[in-house]
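**Student:** Okay, so here is coords18.pdb, and as you'll see once you scroll down, it has PDB, C-alpha atoms and all ligand atoms.
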```
ATOM      1  CA  MET A   1      47.031 -42.627  -3.184
ATOM      2  CA  GLU A   2      45.528 -39.682  -4.996
ATOM      3  CA  LEU A   3      44.690 -36.222  -3.702
ATOM      4  CA  LEU A   4      41.166 -34.844  -3.640
ATOM      5  CA  ASP A   5      42.317 -31.404  -4.715
ATOM      6  CA  GLY A   6      39.878 -28.865  -3.274
ATOM      7  CA  LYS A   7      41.651 -25.958  -4.955
ATOM      8  CA  LYS A   8      41.284 -27.478  -8.418
ATOM      9  CA  CYS A   9      37.649 -28.454  -7.859
ATOM     10  CA  ALA A  10      36.752 -25.068  -6.353
ATOM     11  CA  GLU A  11      38.379 -23.242  -9.268
ATOM     12  CA  SER A  12      36.367 -25.301 -11.731
ATOM     13  CA  LEU A  13      33.076 -24.647  -9.889
ATOM     14  CA  VAL A  14      33.789 -20.922  -9.548
ATOM     15  CA  ALA A  15      34.686 -20.691 -13.258
ATOM     16  CA  ASP A  16      31.281 -22.228 -14.100
ATOM     17  CA  ILE A  17      29.565 -19.746 -11.778
ATOM     18  CA  SER A  18      31.396 -16.755 -13.253
ATOM     19  CA  GLY A  19      30.284 -17.841 -16.744
ATOM     20  CA  LYS A  20      26.652 -17.868 -15.610
ATOM     21  CA  VAL A  21      27.042 -14.516 -13.861
ATOM     22  CA  ALA A  22      28.554 -12.970 -17.004
ATOM     23  CA  GLY A  23      25.433 -14.083 -18.888
ATOM     24  CA  TYR A  24      23.085 -12.582 -16.294
ATOM     25  CA  VAL A  25      24.999  -9.311 -16.092
ATOM     26  CA  GLY A  26      25.185  -9.200 -19.891
ATOM     27  CA  SER A  27      21.402  -9.353 -19.983
ATOM     28  CA  GLY A  28      21.192  -6.239 -17.788
ATOM     29  CA  LEU A  29      20.861  -7.688 -14.281
ATOM     30  CA  ARG A  30      23.014  -6.534 -11.392
ATOM     31  CA  LYS A  31      25.750  -8.805 -10.020
ATOM     32  CA  PRO A  32      25.015 -11.303  -7.242
ATOM     33  CA  HIS A  33      25.939  -9.697  -3.932
ATOM     34  CA  MET A  34      27.318 -11.260  -0.752
ATOM     35  CA  THR A  35      27.475  -9.354   2.534
ATOM     36  CA  ILE A  36      29.770 -10.574   5.305
ATOM     37  CA  ILE A  37      29.611  -9.367   8.906
ATOM     38  CA  LEU A  38      32.779  -9.745  10.945
ATOM     39  CA  VAL A  39      32.560  -8.981  14.662
ATOM     40  CA  GLY A  40      35.799  -8.180  16.469
ATOM     41  CA  LYS A  41      39.300  -9.294  15.592
ATOM     42  CA  HIS A  42      39.924 -13.025  15.314
ATOM     43  CA  ALA A  43      42.932 -14.018  13.206
ATOM     44  CA  PRO A  44      41.474 -17.215  11.635
ATOM     45  CA  SER A  45      38.199 -15.381  10.851
ATOM     46  CA  GLU A  46      40.154 -12.594   9.149
ATOM     47  CA  SER A  47      41.741 -15.160   6.849
ATOM     48  CA  TYR A  48      38.429 -16.984   6.117
ATOM     49  CA  VAL A  49      36.708 -13.685   5.315
ATOM     50  CA  LYS A  50      39.571 -12.652   3.044
ATOM     51  CA  SER A  51      39.256 -15.842   1.025
ATOM     52  CA  LYS A  52      35.447 -15.424   0.741
ATOM     53  CA  VAL A  53      35.839 -11.868  -0.574
ATOM     54  CA  ALA A  54      38.533 -12.996  -3.042
ATOM     55  CA  SER A  55      36.340 -15.843  -4.258
ATOM     56  CA  CYS A  56      33.429 -13.436  -4.794
ATOM     57  CA  GLY A  57      35.706 -11.431  -7.083
ATOM     58  CA  ARG A  58      36.618 -14.546  -9.088
ATOM     59  CA  ALA A  59      32.952 -15.560  -9.384
ATOM     60  CA  GLY A  60      31.964 -12.114 -10.649
ATOM     61  CA  PHE A  61      30.001 -11.281  -7.495
ATOM     62  CA  ALA A  62      29.961  -7.991  -5.640
ATOM     63  CA  SER A  63      30.701  -8.238  -1.935
ATOM     64  CA  ASN A  64      30.951  -6.025   1.087
ATOM     65  CA  LEU A  65      32.525  -6.671   4.445
ATOM     66  CA  ILE A  66      30.952  -5.007   7.468
ATOM     67  CA  ARG A  67      33.343  -4.834  10.418
ATOM     68  CA  LEU A  68      31.697  -4.423  13.799
ATOM     69  CA  PRO A  69      33.450  -3.903  17.141
ATOM     70  CA  GLU A  70      33.990  -6.739  19.625
ATOM     71  CA  THR A  71      31.909  -4.755  22.132
ATOM     72  CA  ILE A  72      28.750  -4.651  19.987
ATOM     73  CA  THR A  73      25.683  -5.863  21.881
ATOM     74  CA  GLU A  74      23.554  -8.750  20.649
ATOM     75  CA  THR A  75      20.633  -6.365  20.151
ATOM     76  CA  GLU A  76      22.729  -4.047  17.981
ATOM     77  CA  LEU A  77      23.997  -6.974  15.910
ATOM     78  CA  LEU A  78      20.464  -8.322  15.429
ATOM     79  CA  GLY A  79      19.436  -4.826  14.277
ATOM     80  CA  LYS A  80      22.201  -4.813  11.681
ATOM     81  CA  ILE A  81      21.117  -8.258  10.441
ATOM     82  CA  SER A  82      17.527  -7.029  10.172
ATOM     83  CA  ASP A  83      18.702  -4.111   7.983
ATOM     84  CA  ILE A  84      20.495  -6.499   5.619
ATOM     85  CA  ASN A  85      17.561  -8.930   5.596
ATOM     86  CA  ASN A  86      15.482  -6.045   4.248
ATOM     87  CA  ASP A  87      18.065  -4.853   1.723
ATOM     88  CA  PRO A  88      17.075  -6.036  -1.785
ATOM     89  CA  GLY A  89      20.658  -5.394  -2.961
ATOM     90  CA  THR A  90      22.076  -8.279  -0.881
ATOM     91  CA  ASP A  91      21.436 -11.876  -1.972
ATOM     92  CA  GLY A  92      23.462 -13.727   0.649
ATOM     93  CA  LEU A  93      24.487 -12.863   4.210
ATOM     94  CA  ILE A  94      27.225 -14.469   6.277
ATOM     95  CA  VAL A  95      27.849 -13.649   9.912
ATOM     96  CA  GLN A  96      31.359 -14.993  10.423
ATOM     97  CA  LEU A  97      31.609 -17.376  13.388
ATOM     98  CA  PRO A  98      32.719 -17.581  16.144
ATOM     99  CA  LEU A  99      31.136 -14.576  17.805
ATOM    100  CA  PRO A 100      32.269 -12.968  21.088
ATOM    101  CA  SER A 101      31.042 -14.970  24.065
ATOM    102  CA  HIS A 102      28.500 -12.338  25.197
ATOM    103  CA  ILE A 103      26.511 -12.908  21.970
ATOM    104  CA  ASN A 104      24.255 -15.948  21.612
ATOM    105  CA  GLN A 105      25.313 -17.588  18.347
ATOM    106  CA  GLN A 106      22.033 -19.420  17.772
ATOM    107  CA  ASN A 107      20.011 -16.198  18.204
ATOM    108  CA  VAL A 108      22.145 -14.638  15.483
ATOM    109  CA  ILE A 109      21.789 -17.619  13.127
ATOM    110  CA  ASN A 110      18.026 -17.615  13.686
ATOM    111  CA  ALA A 111      17.851 -13.881  12.876
ATOM    112  CA  ILE A 112      19.212 -14.250   9.338
ATOM    113  CA  THR A 113      16.349 -14.559   6.907
ATOM    114  CA  PRO A 114      16.375 -18.121   5.461
ATOM    115  CA  GLU A 115      16.304 -16.616   1.929
ATOM    116  CA  LYS A 116      19.772 -15.074   2.496
ATOM    117  CA  ASP A 117      21.212 -17.810   4.723
ATOM    118  CA  ILE A 118      23.944 -18.981   2.334
ATOM    119  CA  ASP A 119      25.806 -20.743   5.177
ATOM    120  CA  GLY A 120      22.774 -23.024   5.461
ATOM    121  CA  PHE A 121      22.777 -22.842   9.265
ATOM    122  CA  HIS A 122      19.223 -21.496   9.817
ATOM    123  CA  PRO A 123      16.822 -24.131  11.215
ATOM    124  CA  ALA A 124      14.529 -23.636   8.186
ATOM    125  CA  ASN A 125      17.308 -24.498   5.743
ATOM    126  CA  PHE A 126      18.712 -27.276   7.919
ATOM    127  CA  GLY A 127      15.239 -28.771   8.245
ATOM    128  CA  ARG A 128      14.522 -28.577   4.525
ATOM    129  CA  MET A 129      17.897 -30.103   3.778
ATOM    130  CA  ALA A 130      17.222 -32.959   6.223
ATOM    131  CA  LEU A 131      13.836 -33.570   4.572
ATOM    132  CA  GLY A 132      15.470 -33.653   1.135
ATOM    133  CA  GLN A 133      13.819 -30.420   0.008
ATOM    134  CA  LYS A 134      15.417 -27.539  -1.866
ATOM    135  CA  ALA A 135      17.517 -25.557   0.620
ATOM    136  CA  PHE A 136      20.770 -23.765   1.146
ATOM    137  CA  ARG A 137      22.813 -26.769   2.252
ATOM    138  CA  PRO A 138      25.374 -26.194   5.038
ATOM    139  CA  ALA A 139      28.401 -24.994   3.123
ATOM    140  CA  THR A 140      31.188 -27.262   4.394
ATOM    141  CA  ALA A 141      29.068 -30.401   4.082
ATOM    142  CA  TYR A 142      27.878 -29.348   0.625
ATOM    143  CA  GLY A 143      31.469 -28.611  -0.391
ATOM    144  CA  ILE A 144      32.503 -32.133   0.631
ATOM    145  CA  CYS A 145      29.680 -33.587  -1.495
ATOM    146  CA  LYS A 146      30.741 -31.503  -4.503
ATOM    147  CA  LEU A 147      34.359 -32.621  -4.078
ATOM    148  CA  LEU A 148      33.369 -36.310  -3.987
ATOM    149  CA  GLN A 149      31.194 -35.753  -7.054
ATOM    150  CA  PHE A 150      33.971 -33.918  -8.956
ATOM    151  CA  TYR A 151      36.296 -36.905  -8.541
ATOM    152  CA  ASN A 152      33.535 -39.466  -9.273
ATOM    153  CA  ILE A 153      34.008 -41.144  -5.900
ATOM    154  CA  PRO A 154      31.296 -43.810  -5.542
ATOM    155  CA  ILE A 155      29.024 -43.018  -2.581
ATOM    156  CA  LYS A 156      25.815 -44.962  -3.218
ATOM    157  CA  GLY A 157      25.831 -48.143  -1.133
ATOM    158  CA  LYS A 158      29.151 -47.315   0.545
ATOM    159  CA  HIS A 159      29.769 -47.380   4.277
ATOM    160  CA  CYS A 160      30.677 -43.929   5.519
ATOM    161  CA  VAL A 161      31.836 -43.041   9.029
ATOM    162  CA  VAL A 162      31.645 -39.433  10.199
ATOM    163  CA  ILE A 163      33.689 -38.459  13.266
ATOM    164  CA  GLY A 164      32.260 -35.365  15.001
ATOM    165  CA  ARG A 165      28.635 -34.237  15.232
ATOM    166  CA  SER A 166      28.808 -30.429  15.084
ATOM    167  CA  ASN A 167      25.788 -28.637  13.630
ATOM    168  CA  ILE A 168      27.960 -27.122  10.905
ATOM    169  CA  VAL A 169      29.880 -30.188   9.700
ATOM    170  CA  GLY A 170      29.365 -33.655  11.178
ATOM    171  CA  LYS A 171      25.598 -33.620  11.572
ATOM    172  CA  PRO A 172      24.731 -32.188   8.132
ATOM    173  CA  ILE A 173      27.218 -34.313   6.185
ATOM    174  CA  SER A 174      25.903 -37.456   7.869
ATOM    175  CA  ILE A 175      22.338 -36.526   6.862
ATOM    176  CA  MET A 176      23.266 -35.485   3.333
ATOM    177  CA  LEU A 177      25.257 -38.613   2.515
ATOM    178  CA  SER A 178      22.542 -40.882   3.912
ATOM    179  CA  ASN A 179      19.694 -39.078   2.123
ATOM    180  CA  ASP A 180      18.371 -40.138  -1.263
ATOM    181  CA  PHE A 181      20.145 -37.173  -2.886
ATOM    182  CA  ASP A 182      22.056 -36.877  -6.148
ATOM    183  CA  ILE A 183      25.185 -37.199  -3.984
ATOM    184  CA  GLY A 184      24.107 -39.619  -1.266
ATOM    185  CA  ASN A 185      22.601 -43.032  -0.545
ATOM    186  CA  ALA A 186      25.517 -44.114   1.620
ATOM    187  CA  THR A 187      25.094 -46.075   4.840
ATOM    188  CA  VAL A 188      26.348 -43.628   7.458
ATOM    189  CA  THR A 189      27.561 -44.014  11.034
ATOM    190  CA  LEU A 190      27.893 -40.794  13.037
ATOM    191  CA  THR A 191      30.387 -40.944  15.917
ATOM    192  CA  HIS A 192      31.190 -38.393  18.617
ATOM    193  CA  ILE A 193      32.988 -37.880  21.882
ATOM    194  CA  GLU A 194      30.796 -40.411  23.725
ATOM    195  CA  THR A 195      31.455 -43.143  21.150
ATOM    196  CA  PRO A 196      33.529 -45.761  23.011
ATOM    197  CA  ARG A 197      36.994 -46.041  21.503
ATOM    198  CA  PRO A 198      36.667 -49.780  20.585
ATOM    199  CA  LEU A 199      33.386 -49.037  18.768
ATOM    200  CA  LEU A 200      34.941 -46.065  16.958
ATOM    201  CA  LEU A 201      37.816 -48.278  15.796
ATOM    202  CA  ASP A 202      35.441 -51.068  14.671
ATOM    203  CA  GLU A 203      33.536 -48.542  12.579
ATOM    204  CA  THR A 204      36.436 -46.619  11.046
ATOM    205  CA  ARG A 205      38.379 -49.801  10.233
ATOM    206  CA  ARG A 206      35.581 -51.132   8.024
ATOM    207  CA  ALA A 207      34.548 -47.794   6.506
ATOM    208  CA  ASP A 208      34.853 -47.120   2.781
ATOM    209  CA  ILE A 209      34.736 -43.368   3.431
ATOM    210  CA  VAL A 210      35.857 -41.621   6.639
ATOM    211  CA  ILE A 211      35.044 -37.958   7.253
ATOM    212  CA  VAL A 212      36.696 -36.407  10.297
ATOM    213  CA  ALA A 213      35.764 -33.048  11.850
ATOM    214  CA  VAL A 214      36.906 -32.977  15.468
ATOM    215  CA  GLY A 215      39.539 -30.224  15.581
ATOM    216  CA  ILE A 216      42.301 -32.448  17.005
ATOM    217  CA  PRO A 217      45.597 -32.616  15.049
ATOM    218  CA  GLY A 218      46.549 -36.172  14.081
ATOM    219  CA  PHE A 219      43.312 -37.671  15.480
ATOM    220  CA  VAL A 220      43.021 -40.232  12.650
ATOM    221  CA  SER A 221      46.026 -42.524  12.768
ATOM    222  CA  GLU A 222      47.185 -45.249  10.396
ATOM    223  CA  ASP A 223      45.736 -48.093  12.488
ATOM    224  CA  MET A 224      42.219 -46.581  12.349
ATOM    225  CA  VAL A 225      41.505 -47.053   8.650
ATOM    226  CA  LYS A 226      41.496 -49.854   6.110
ATOM    227  CA  GLU A 227      43.605 -50.036   2.964
ATOM    228  CA  GLY A 228      41.950 -48.084   0.113
ATOM    229  CA  VAL A 229      39.799 -45.822   2.300
ATOM    230  CA  VAL A 230      38.602 -42.444   1.018
ATOM    231  CA  LEU A 231      39.567 -39.955   3.734
ATOM    232  CA  ILE A 232      38.067 -36.480   4.069
ATOM    233  CA  ASP A 233      39.889 -34.272   6.563
ATOM    234  CA  VAL A 234      37.788 -31.284   7.600
ATOM    235  CA  GLY A 235      40.044 -30.145  10.445
ATOM    236  CA  ILE A 236      41.854 -26.832  10.343
ATOM    237  CA  ASN A 237      44.232 -26.671  13.296
ATOM    238  CA  ARG A 238      46.885 -24.010  13.827
ATOM    239  CA  LEU A 239      50.006 -25.360  15.527
ATOM    240  CA  GLU A 240      52.225 -23.202  17.750
ATOM    241  CA  ASP A 241      54.866 -23.054  15.002
ATOM    242  CA  GLY A 242      52.269 -21.488  12.668
ATOM    243  CA  ARG A 243      51.639 -24.569  10.532
ATOM    244  CA  ILE A 244      48.072 -25.465   9.607
ATOM    245  CA  VAL A 245      47.232 -29.161   9.839
ATOM    246  CA  GLY A 246      44.076 -31.229   9.681
ATOM    247  CA  ASP A 247      42.662 -33.943  11.942
ATOM    248  CA  VAL A 248      44.542 -36.708  10.101
ATOM    249  CA  ASP A 249      48.131 -37.815  10.647
ATOM    250  CA  PHE A 250      48.634 -37.241   6.929
ATOM    251  CA  ALA A 251      52.270 -38.411   6.673
ATOM    252  CA  ASN A 252      51.478 -41.870   8.060
ATOM    253  CA  VAL A 253      47.889 -42.370   6.862
ATOM    254  CA  ALA A 254      47.960 -41.071   3.277
ATOM    255  CA  GLY A 255      49.753 -44.174   1.940
ATOM    256  CA  LYS A 256      46.801 -46.368   2.968
ATOM    257  CA  CYS A 257      44.178 -44.213   1.255
ATOM    258  CA  SER A 258      42.838 -44.470  -2.271
ATOM    259  CA  TRP A 259      41.906 -40.773  -2.017
ATOM    260  CA  ILE A 260      42.620 -38.157   0.643
ATOM    261  CA  THR A 261      42.083 -34.412   1.056
ATOM    262  CA  PRO A 262      45.144 -32.278   1.825
ATOM    263  CA  VAL A 263      45.082 -29.559   4.506
ATOM    264  CA  PRO A 264      45.278 -26.822   3.413
ATOM    265  CA  GLY A 265      43.903 -27.067  -0.124
ATOM    266  CA  GLY A 266      41.117 -29.548   0.549
ATOM    267  CA  VAL A 267      37.776 -29.044   2.275
ATOM    268  CA  GLY A 268      38.464 -25.404   3.231
ATOM    269  CA  ARG A 269      38.521 -24.374  -0.418
ATOM    270  CA  MET A 270      35.318 -26.336  -1.019
ATOM    271  CA  THR A 271      33.487 -24.561   1.803
ATOM    272  CA  VAL A 272      34.070 -21.261   0.036
ATOM    273  CA  ALA A 273      33.043 -22.737  -3.330
ATOM    274  CA  ALA A 274      29.791 -24.019  -1.790
ATOM    275  CA  LEU A 275      29.082 -20.523  -0.470
ATOM    276  CA  MET A 276      29.408 -19.253  -4.042
ATOM    277  CA  ILE A 277      26.952 -21.923  -5.266
ATOM    278  CA  ASN A 278      24.504 -20.970  -2.514
ATOM    279  CA  THR A 279      24.856 -17.235  -3.250
ATOM    280  CA  LEU A 280      24.159 -17.817  -6.931
ATOM    281  CA  MET A 281      21.077 -19.828  -5.929
ATOM    282  CA  ALA A 282      19.873 -16.970  -3.684
ATOM    283  CA  TYR A 283      20.356 -14.532  -6.570
ATOM    284  CA  GLU A 284      18.577 -16.783  -9.065
ATOM    285  CA  ASN A 285      15.707 -17.147  -6.591
ATOM    286  CA  ASN A 286      15.506 -13.353  -6.230
ATOM    287  CA  PHE A 287      15.298 -12.793  -9.974
ATOM    288  CA  ASN A 288      13.149 -15.872 -10.671
ATOM    289  CA  LEU A 289      15.859 -17.264 -12.914
ATOM    290  CA  VAL A 290      15.253 -20.923 -11.991
TER     291      VAL A 290
HETATM  292  P1  LIG A 301      33.232 -28.637  16.971
HETATM  293  O1  LIG A 301      31.989 -27.857  16.926
HETATM  294  O2  LIG A 301      34.238 -28.399  18.029
HETATM  295  O3  LIG A 301      32.819 -30.171  16.978
HETATM  296  C1  LIG A 301      33.768 -31.175  17.137
HETATM  297  C2  LIG A 301      33.053 -32.477  17.205
HETATM  298  O4  LIG A 301      34.021 -33.493  17.409
HETATM  299  C3  LIG A 301      32.054 -32.568  18.333
HETATM  300  O5  LIG A 301      30.878 -33.166  17.855
HETATM  301  C4  LIG A 301      32.749 -33.472  19.357
HETATM  302  O6  LIG A 301      31.837 -34.298  20.070
HETATM  303  C5  LIG A 301      33.574 -34.349  18.437
HETATM  304  N1  LIG A 301      34.720 -34.917  19.126
HETATM  305  C6  LIG A 301      35.618 -34.261  19.889
HETATM  306  N2  LIG A 301      36.527 -35.132  20.366
HETATM  307  C7  LIG A 301      36.178 -36.344  19.888
HETATM  308  C8  LIG A 301      36.696 -37.645  20.059
HETATM  309  N3  LIG A 301      37.752 -37.849  20.829
HETATM  310  N4  LIG A 301      36.098 -38.678  19.419
HETATM  311  C9  LIG A 301      35.013 -38.467  18.630
HETATM  312  N5  LIG A 301      34.450 -37.244  18.453
HETATM  313  C10 LIG A 301      35.035 -36.201  19.082
HETATM  314  O7  LIG A 301      34.037 -28.536  15.620
HETATM  315  P2  LIG A 301      33.612 -28.213  14.093
HETATM  316  O8  LIG A 301      33.107 -26.842  14.005
HETATM  317  O9  LIG A 301      32.833 -29.328  13.506
HETATM  318  O10 LIG A 301      35.065 -28.238  13.465
HETATM  319  C11 LIG A 301      35.891 -29.381  13.512
HETATM  320  C12 LIG A 301      37.188 -29.060  12.808
HETATM  321  O11 LIG A 301      36.886 -28.718  11.465
HETATM  322  C13 LIG A 301      37.948 -27.859  13.378
HETATM  323  O12 LIG A 301      39.342 -28.078  13.200
HETATM  324  C14 LIG A 301      37.494 -26.704  12.501
HETATM  325  O13 LIG A 301      38.460 -25.666  12.433
HETATM  326  C15 LIG A 301      37.370 -27.406  11.184
HETATM  327  N6  LIG A 301      36.435 -26.791  10.233
HETATM  328  C16 LIG A 301      36.866 -26.697   8.974
HETATM  329  C17 LIG A 301      36.030 -26.188   8.006
HETATM  330  C18 LIG A 301      36.512 -26.137   6.597
HETATM  331  O14 LIG A 301      35.975 -25.397   5.790
HETATM  332  N7  LIG A 301      37.526 -26.966   6.251
HETATM  333  C19 LIG A 301      34.740 -25.757   8.337
HETATM  334  C20 LIG A 301      34.311 -25.883   9.646
HETATM  335  C21 LIG A 301      35.172 -26.423  10.600
HETATM  336  P3  LIG A 301      30.749 -33.665  21.106
HETATM  337  O15 LIG A 301      29.633 -33.162  20.246
HETATM  338  O16 LIG A 301      30.313 -34.810  21.930
HETATM  339  O17 LIG A 301      31.471 -32.600  21.853
END
```
For the structure just supplied, provide its representation as structure tokens.

**Tutor:**
Amino acid sequence: MELLDGKKCAESLVADISGKVAGYVGSGLRKPHMTIILVGKHAPSESYVKSKVASCGRAGFASNLIRLPETITETELLGKISDINNDPGTDGLIVQLPLPSHINQQNVINAITPEKDIDGFHPANFGRMALGQKAFRPATAYGICKLLQFYNIPIKGKHCVVIGRSNIVGKPISIMLSNDFDIGNATVTLTHIETPRPLLLDETRRADIVIVAVGIPGFVSEDMVKEGVVLIDVGINRLEDGRIVGDVDFANVAGKCSWITPVPGGVGRMTVAALMINTLMAYENNFNLV
């Protein structure tokens, strides 16, 4: 068993980005700039935002974090997004999810201009991605692709099973790996909560690659996968004792895998790295550098 080390891969990608940024800044351009909006106080969001800001620093980007109160109305938040959409000094905008329940998340995603949508959640980017066109690809799914590519994991022609169909992880990764992309051409099965258990087991037990994003600690057990499987654990679950674990029963499953992502230090790090790639792309688009 070998680890798909998201920290190592992310550091390598961010080092490449910072080299490019140094060249751009050296030629007189401003730094790429990421703006993050954080609504209310949500402990996991605080930690995700902190790591995004830190990664911006390592990539040579400027960043600013806008903290808004939990009580902000949807209209006020949409107004703030509109201001940033129109600000030529910001290349990429993230509205950290989840939002308070009185705010409609999809309205907020739809309000971010697709040109600054570095999370890749806007329908325009999702649609372009699905059609195989140039787009900001949804960051977690893109990060998984970059991690597989970094470790030269064969994907073309492989059978991949995705567990979970969320708009931010399961659905986009299933599309991306099945598309005729540079990192793709797998045969993909997407499973979800209505997938009957015997069918789920049939699929996962013959899969070459399993990607799980359900948010249930220990969901993937040893008996669910074949010997030599490549296992990507997207889950980030906080246990009552404070530990962070994924969706895989790592202690019992890892021995059966050829490759497996750790949690933490796996996909989470790659999500942030993909945001850096997308921000650089937004910046290069703005300055017609590509
Ligand atoms: P989500 O929106 O809650 O979606 C979970 C998905 O799992 C849903 O599609 C659900 O099916 C499916 N599901 C639930 N129980 C299932 C079961 N018993 N069998 C098969 N499918 C089942 O979650 P998410 O946003 O994708 O996140 C999933 C996990 O990944 C969470 O732990 C989250 O914290 C983590 N995450 C990590 C990163 C990262 O950067 N590492 C990024 C995003 C999310 P239905 O659609 O039918 O309900």

**Student:** With distances taken over all atoms listed in the file, which residue among A:Thr189, A:Lys134, A:Met270, A:Met1 lies nearest A:Phe250?

**Tutor:** A:Met1

**Student:** Using the chain letters and residue numbers of this document, give as a list in words the residues selected by the PyMOL selection byres (((not hetatm)) within 7 of (chain A and resi 301)).

**Tutor:**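 Matching residues under the PyMOL selection byres (((not hetatm)) within 7 of (chain A and resi 301)) are Thr140, Ile163, Gly164, Arg165, Ser166, Ile168, Val169, Gly170, Thr191, His192, Ile193, Glu194, Thr195, Ala213, Val214, Gly215, Ile216, Val234, Gly235, Ile236, Asn237, Gly246, Asp247, Val267, Gly268, Arg269, Met270 and Thr271 of chain A.
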
**Student:** Go ahead and write the residues just picked, C-alpha atoms, as a short mmCIF file (atom, residue, chain, number, x, y, z; two decimals), in the coordinates of the input.

**Tutor:**
```cif
data_model
loop_
_atom_site.label_atom_id
_atom_site.label_comp_id
_atom_site.auth_asym_id
_atom_site.auth_seq_id
_atom_site.Cartn_x
_atom_site.Cartn_y
_atom_site.Cartn_z
CA THR A 140 31.19 -27.26 4.39
CA ILE A 163 33.69 -38.46 13.27
CA GLY A 164 32.26 -35.36 15.00
CA ARG A 165 28.64 -34.24 15.23
CA SER A 166 28.81 -30.43 15.08
CA ILE A 168 27.96 -27.12 10.90
CA VAL A 169 29.88 -30.19 9.70
CA GLY A 170 29.36 -33.66 11.18
CA THR A 191 30.39 -40.94 15.92
CA HIS A 192 31.19 -38.39 18.62
CA ILE A 193 32.99 -37.88 21.88
CA GLU A 194 30.80 -40.41 23.72
CA THR A 195 31.46 -43.14 21.15
CA ALA A 213 35.76 -33.05 11.85
CA VAL A 214 36.91 -32.98 15.47
CA GLY A 215 39.54 -30.22 15.58
CA ILE A 216 42.30 -32.45 17.00
CA VAL A 234 37.79 -31.28 7.60
CA GLY A 235 40.04 -30.14 10.44
CA ILE A 236 41.85 -26.83 10.34
CA ASN A 237 44.23 -26.67 13.30
CA GLY A 246 44.08 -31.23 9.68
CA ASP A 247 42.66 -33.94 11.94
CA VAL A 267 37.78 -29.04 2.28
CA GLY A 268 38.46 -25.40 3.23
CA ARG A 269 38.52 -24.37 -0.42
CA MET A 270 35.32 -26.34 -1.02
CA THR A 271 33.49 -24.56 1.80
#
```

**Student:** Which residues of stretch 17-54 of chain A have any atom within 10 Å of an atom in stretch 72-81 of chain A when counting all atoms listed in the file, and what is the closest pair of atoms for each, with the distance in Å to one decimal? Order the rows by chain and rising number and write it as CSV.

**Tutor:**
```
residue,atom,partner,partner_atom,distance
A:Ile37,CA,A:Ile81,CA,8.7
A:Val39,CA,A:Ile72,CA,7.8
A:Gly40,CA,A:Ile72,CA,8.6
```

**Student:** Taking the file above as input, evaluate the PyMOL selection byres (((chain A and resi 45) around 12) and not hetatm) and report the hits as number ranges by chain.

**Tutor:** A: 36-44, 46-52, 67, 94-99

**Student:** Separation of atom CA of A:Ser174 and atom CA of A:Phe150, in Å?

**Tutor:** 19.0 Å

**Student:** Could you work out how far atom CA of A:Gly143 lies from atom CA of A:Ser178, giving the answer in Å with one decimal?

**Tutor:**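 About the pair atom CA of A:Ser178 and atom CA of A:Gly143: they are 15.8 Å apart.
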
**Student:** In Å, rounded to a single decimal, give me how far atom CA of A:Gly132 is from atom CA of A:Asn179.

**Tutor:**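 If I compute the distance from atom CA of A:Asn179 to atom CA of A:Gly132, I get 6.9 Å.
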
**Student:** Quick one: residues within 8 Å of A:Arg58, only C-alpha atoms, excluding same-chain residues fewer than 2 positions away - as a PyMOL selection string?

**Tutor:** chain A and resi 14-15+18+54-56+60-61

**Student:** With distances taken over all atoms listed in the file, which residue among A:Ala124, A:Ile118, A:Met224, A:Leu190 lies nearest A:Cys257?

**Tutor:**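 Among the listed residues, the smallest separation from A:Cys257 belongs to A:Met224.
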
**Student:** Return as a VMD selection string the set of residues that the PyMOL selection byres (((chain A and resi 7) around 7) and not hetatm) yields on the displayed structure.

**Tutor:** chain A and resid 5 to 6 8 to 11 265 to 266 269

**Student:** With all atoms listed in the file as the basis for distance, which of A:Thr261, A:Asn110, A:Thr279, A:Gln133 is at the shortest distance from A:Thr35?

**Tutor:** A:Thr279

**Student:** For each of A:Ile84, A:Lys116, A:Arg206, A:Lys146, take the minimum atom-to-atom distance to A:Ser12, counting only C-alpha atoms, then give the residue where this is smallest.

**Tutor:**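 Smallest separation from A:Ser12 among the options: A:Lys146.
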
**Student:** Just the residues within 7 Å of A:Gly157, please, counting all atoms listed in the file, with nothing from its chain fewer than 5 positions along; format it as a PDB file with C-alpha atoms, in the coordinates of the input.

**Tutor:**
```
ATOM      1  CA  ASN A 185      22.601 -43.032  -0.545  1.00  0.00           C
ATOM      2  CA  ALA A 186      25.517 -44.114   1.620  1.00  0.00           C
ATOM      3  CA  THR A 187      25.094 -46.075   4.840  1.00  0.00           C
TER       4      THR A 187
END
```

**Student:** Please return as a short mmCIF file (atom, residue, chain, number, x, y, z; two decimals) with C-alpha atoms, in the coordinates of the input every residue within 12 Å of (16.8, -5.3, -0.3), taking into account only C-alpha atoms and the file's own coordinates.

**Tutor:**
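Saved file selection_39.cif follows:
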```cif
data_model
loop_
_atom_site.label_atom_id
_atom_site.label_comp_id
_atom_site.auth_asym_id
_atom_site.auth_seq_id
_atom_site.Cartn_x
_atom_site.Cartn_y
_atom_site.Cartn_z
CA HIS A 33 25.94 -9.70 -3.93
CA THR A 35 27.48 -9.35 2.53
CA ILE A 81 21.12 -8.26 10.44
CA SER A 82 17.53 -7.03 10.17
CA ASP A 83 18.70 -4.11 7.98
CA ILE A 84 20.50 -6.50 5.62
CA ASN A 85 17.56 -8.93 5.60
CA ASN A 86 15.48 -6.04 4.25
CA ASP A 87 18.07 -4.85 1.72
CA PRO A 88 17.08 -6.04 -1.78
CA GLY A 89 20.66 -5.39 -2.96
CA THR A 90 22.08 -8.28 -0.88
CA ASP A 91 21.44 -11.88 -1.97
CA GLY A 92 23.46 -13.73 0.65
CA LEU A 93 24.49 -12.86 4.21
CA THR A 113 16.35 -14.56 6.91
CA GLU A 115 16.30 -16.62 1.93
CA LYS A 116 19.77 -15.07 2.50
CA TYR A 283 20.36 -14.53 -6.57
CA ASN A 286 15.51 -13.35 -6.23
#
```
